[in-house]
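Okay, so here's the structure we're looking at.
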Amino acid sequence: MMTTGSHRRTCLFGVISLDGKQLFRQHDAINGESFLTYMTELKRRFGAFLLFLDKSAPHHRNEHVRRWLQKNRDSVKVRWFPTARPELNPVEECWRQSKDIIQANRIYPTFEAMKKEISKTLRTKRFRLNIVKYLS
């Protein structure tokens with residue numbers, strides 16, 4: 001069990017490209033503002049891209065996010081995963097594998113120590129997933 005004795009949480013965004021590039025980021029909250037920060041970083045890193053999103057997260061449909069996507073529609077295209085089908089999303093497999101690595105029955109002395117371990121794992125772990133398999 002991954003625990004610090006705290007009720008605090010960290011929130012993650014993640015992307016894996018067809019060629020295996022990945023970009024994971026932690027935020028204190030998942031909301032329209034943190035999602036826009038992440039989207040802006042994706043655009044800087046990848047330029048033009050097709051992004052698959054799940055419908056369950058309200059921040060994906062936030063008014064500011066919709067405006068940003070409209071403004072960037074020439075370089076950012078969005079496709080939606082079917083509702084309640086997390087098994088189609090390869091990033092969900094990354095979260096599962098990361099959780100197994102990070103937890104490993106450890107108790108972290110502080111919340112910050114746990115966040116550091118999450119960051120290190122996502123920075124160094126290369127997820128070798130067949131993205132096309134997920135999307136076909």
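Residue names in the structure tokens use chain letters A, B, ... in the order shown, residue numbers from 1 in each chain, and ligand numbers from 1 in the order shown.
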task: Name the residues of range 50-130 of chain A that come out as alpha helix (DSSP H) in a backbone DSSP run; write them as a VMD selection string.
output: chain A and resid 63 to 71 90 to 103 111 to 124
task: Name all residues at most 10 Å from range 91-106 of chain A (count only C-alpha atoms; drop same-chain ones fewer than 3 positions away) and give them as a PyMOL selection string.
output: chain A and resi 1-4+12-16+22+24+86-88+109+114-115+117-122+125-129+131
query: Residues at most 12 Å from Lys43 in chain A, counting only C-alpha atoms, excluding those fewer than 3 positions away in the same chain, as a PyMOL selection string?
result: chain A and resi 15+23+36-40+46-51+68-69+72-77
For those residues, write N, CA and C atoms to a file as a PDB file, in the first residue's frame.
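Resulting contents of selection39.pdb:
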ATOM      1  N   VAL A  15       0.874  11.193 -21.459  1.00  0.00           N
ATOM      2  CA  VAL A  15       0.735  10.961 -22.895  1.00  0.00           C
ATOM      3  C   VAL A  15       1.856  10.042 -23.351  1.00  0.00           C
ATOM      4  N   LEU A  23       5.210  11.904 -21.964  1.00  0.00           N
ATOM      5  CA  LEU A  23       5.264  13.122 -21.156  1.00  0.00           C
ATOM      6  C   LEU A  23       4.251  12.983 -20.028  1.00  0.00           C
ATOM      7  N   LEU A  36      -4.899  22.830 -19.017  1.00  0.00           N
ATOM      8  CA  LEU A  36      -4.407  23.768 -20.030  1.00  0.00           C
ATOM      9  C   LEU A  36      -2.890  23.922 -19.943  1.00  0.00           C
ATOM     10  N   THR A  37      -2.353  23.961 -18.748  1.00  0.00           N
ATOM     11  CA  THR A  37      -0.896  24.029 -18.579  1.00  0.00           C
ATOM     12  C   THR A  37      -0.247  22.820 -19.245  1.00  0.00           C
ATOM     13  N   TYR A  38      -0.841  21.652 -19.012  1.00  0.00           N
ATOM     14  CA  TYR A  38      -0.318  20.423 -19.605  1.00  0.00           C
ATOM     15  C   TYR A  38      -0.459  20.446 -21.127  1.00  0.00           C
ATOM     16  N   MET A  39      -1.603  20.870 -21.629  1.00  0.00           N
ATOM     17  CA  MET A  39      -1.828  20.927 -23.080  1.00  0.00           C
ATOM     18  C   MET A  39      -0.830  21.871 -23.751  1.00  0.00           C
ATOM     19  N   THR A  40      -0.549  22.998 -23.112  1.00  0.00           N
ATOM     20  CA  THR A  40       0.412  23.950 -23.661  1.00  0.00           C
ATOM     21  C   THR A  40       1.796  23.305 -23.744  1.00  0.00           C
ATOM     22  N   PHE A  46       5.366  18.518 -28.849  1.00  0.00           N
ATOM     23  CA  PHE A  46       5.004  17.690 -30.000  1.00  0.00           C
ATOM     24  C   PHE A  46       4.575  18.485 -31.229  1.00  0.00           C
ATOM     25  N   GLY A  47       4.313  19.779 -31.081  1.00  0.00           N
ATOM     26  CA  GLY A  47       3.824  20.558 -32.221  1.00  0.00           C
ATOM     27  C   GLY A  47       2.384  20.186 -32.499  1.00  0.00           C
ATOM     28  N   ALA A  48       2.142  19.584 -33.647  1.00  0.00           N
ATOM     29  CA  ALA A  48       0.796  19.128 -34.003  1.00  0.00           C
ATOM     30  C   ALA A  48       0.611  17.703 -33.491  1.00  0.00           C
ATOM     31  N   PHE A  49      -0.603  17.413 -33.000  1.00  0.00           N
ATOM     32  CA  PHE A  49      -0.844  16.070 -32.483  1.00  0.00           C
ATOM     33  C   PHE A  49      -2.327  15.756 -32.442  1.00  0.00           C
ATOM     34  N   LEU A  50      -2.611  14.464 -32.402  1.00  0.00           N
ATOM     35  CA  LEU A  50      -3.951  13.927 -32.211  1.00  0.00           C
ATOM     36  C   LEU A  50      -3.988  13.397 -30.789  1.00  0.00           C
ATOM     37  N   LEU A  51      -4.932  13.883 -30.009  1.00  0.00           N
ATOM     38  CA  LEU A  51      -5.006  13.539 -28.592  1.00  0.00           C
ATOM     39  C   LEU A  51      -6.283  12.762 -28.324  1.00  0.00           C
ATOM     40  N   TRP A  68      -9.366  26.919 -25.904  1.00  0.00           N
ATOM     41  CA  TRP A  68      -7.977  26.661 -26.276  1.00  0.00           C
ATOM     42  C   TRP A  68      -7.923  25.669 -27.441  1.00  0.00           C
ATOM     43  N   LEU A  69      -8.716  24.615 -27.360  1.00  0.00           N
ATOM     44  CA  LEU A  69      -8.740  23.623 -28.443  1.00  0.00           C
ATOM     45  C   LEU A  69      -9.241  24.250 -29.747  1.00  0.00           C
ATOM     46  N   ASN A  72      -6.511  26.322 -31.231  1.00  0.00           N
ATOM     47  CA  ASN A  72      -5.399  25.499 -31.720  1.00  0.00           C
ATOM     48  C   ASN A  72      -5.862  24.355 -32.616  1.00  0.00           C
ATOM     49  N   ARG A  73      -7.047  24.484 -33.201  1.00  0.00           N
ATOM     50  CA  ARG A  73      -7.639  23.375 -33.966  1.00  0.00           C
ATOM     51  C   ARG A  73      -6.823  22.957 -35.185  1.00  0.00           C
ATOM     52  N   ASP A  74      -5.943  23.827 -35.689  1.00  0.00           N
ATOM     53  CA  ASP A  74      -5.109  23.443 -36.829  1.00  0.00           C
ATOM     54  C   ASP A  74      -3.978  22.495 -36.433  1.00  0.00           C
ATOM     55  N   SER A  75      -3.599  22.494 -35.163  1.00  0.00           N
ATOM     56  CA  SER A  75      -2.480  21.648 -34.744  1.00  0.00           C
ATOM     57  C   SER A  75      -2.856  20.602 -33.692  1.00  0.00           C
ATOM     58  N   VAL A  76      -4.007  20.752 -33.062  1.00  0.00           N
ATOM     59  CA  VAL A  76      -4.421  19.801 -32.020  1.00  0.00           C
ATOM     60  C   VAL A  76      -5.811  19.265 -32.358  1.00  0.00           C
ATOM     61  N   LYS A  77      -5.869  17.983 -32.564  1.00  0.00           N
ATOM     62  CA  LYS A  77      -7.147  17.310 -32.828  1.00  0.00           C
ATOM     63  C   LYS A  77      -7.462  16.400 -31.646  1.00  0.00           C
TER      64      LYS A  77
END
- request: Write down as a PyMOL selection string the residues belonging to chain A that are assigned strand (DSSP E) by DSSP computed on the backbone.
  value: chain A and resi 11-16+22-27+49-53+76-80
field: Residue nearest Glu33 in chain A among A:Arg61, A:Asp19, A:His7, A:Arg123 (counting only C-alpha atoms)
entry: A:Arg61
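Note that the spacing between CA of Leu53 in chain A and CA of Arg85 in chain A amounts to 11.2 Å.
Ranking A:His59, A:Glu112, A:Leu135, A:Val78 by their shortest atom-to-atom distance to Gln26 in chain A, with only C-alpha atoms included, puts A:Glu112 first.
Proximity ranking of A:Phe35, A:Trp80, A:Phe52, A:Tyr108 relative to His64 in chain A places A:Phe35 first, based on only C-alpha atoms.
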message: With only C-alpha atoms as the counted atoms, please give the residues lying no more than 9 Å from Asp28 in chain A, apart from itself and same-chain residues fewer than 5 positions off, as JSON, numbers by chain.
response: {"A": [8, 9, 10, 11, 12, 34]}
Save out the residues we just selected, N, CA and C atoms, as a compact mmCIF listing (two decimals), in the first residue's frame.
# COMPACT_ATOMS: atom_id res chain seq x y z
N ARG A 8 -3.61 14.06 1.61
CA ARG A 8 -3.28 14.85 0.44
C ARG A 8 -3.23 13.94 -0.78
N ARG A 9 -3.29 14.55 -1.96
CA ARG A 9 -3.20 13.75 -3.17
C ARG A 9 -2.40 14.50 -4.21
N THR A 10 -1.91 13.74 -5.17
CA THR A 10 -1.24 14.31 -6.33
C THR A 10 -1.99 13.82 -7.55
N CYS A 11 -2.03 14.63 -8.58
CA CYS A 11 -2.80 14.32 -9.78
C CYS A 11 -1.85 14.23 -10.96
N LEU A 12 -2.13 13.30 -11.85
CA LEU A 12 -1.22 13.03 -12.96
C LEU A 12 -1.89 13.18 -14.31
N SER A 34 -4.95 23.32 -14.74
CA SER A 34 -3.81 22.40 -14.80
C SER A 34 -3.79 21.64 -16.13
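Across A:Gly32, A:Ala113, A:Lys21, A:Arg45, the tightest approach to Asn62 in chain A is made by A:Gly32 when counting only C-alpha atoms.
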Close residues, Thr83 in chain A itself excluded, 8 Å, only C-alpha atoms, min 2 positions apart in chain, as a compact mmCIF listing (two decimals) with N, CA and C atoms, in the first residue's frame:
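What ended up in out.txt:
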# COMPACT_ATOMS: atom_id res chain seq x y z
N ASP A 54 -10.45 10.72 -22.40
CA ASP A 54 -11.64 10.03 -21.89
C ASP A 54 -12.71 11.08 -21.58
N LYS A 55 -13.95 10.65 -21.60
CA LYS A 55 -15.07 11.56 -21.38
C LYS A 55 -15.41 11.75 -19.92
N SER A 56 -14.78 10.97 -19.06
CA SER A 56 -15.18 11.01 -17.65
C SER A 56 -14.69 12.26 -16.93
N PHE A 81 -12.30 8.67 -26.27
CA PHE A 81 -12.48 7.26 -25.98
C PHE A 81 -13.95 7.03 -25.63
N ARG A 85 -14.68 2.91 -20.79
CA ARG A 85 -13.83 1.90 -21.44
C ARG A 85 -12.34 2.21 -21.18
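Here CA of His60 in chain A is placed at a distance of 17.4 Å from CA of Pro90 in chain A.
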message: What does the structure give for the distance between CA of Gly20 in chain A and CA of Leu42 in chain A, in Å to one decimal?
response: 14.4 Å
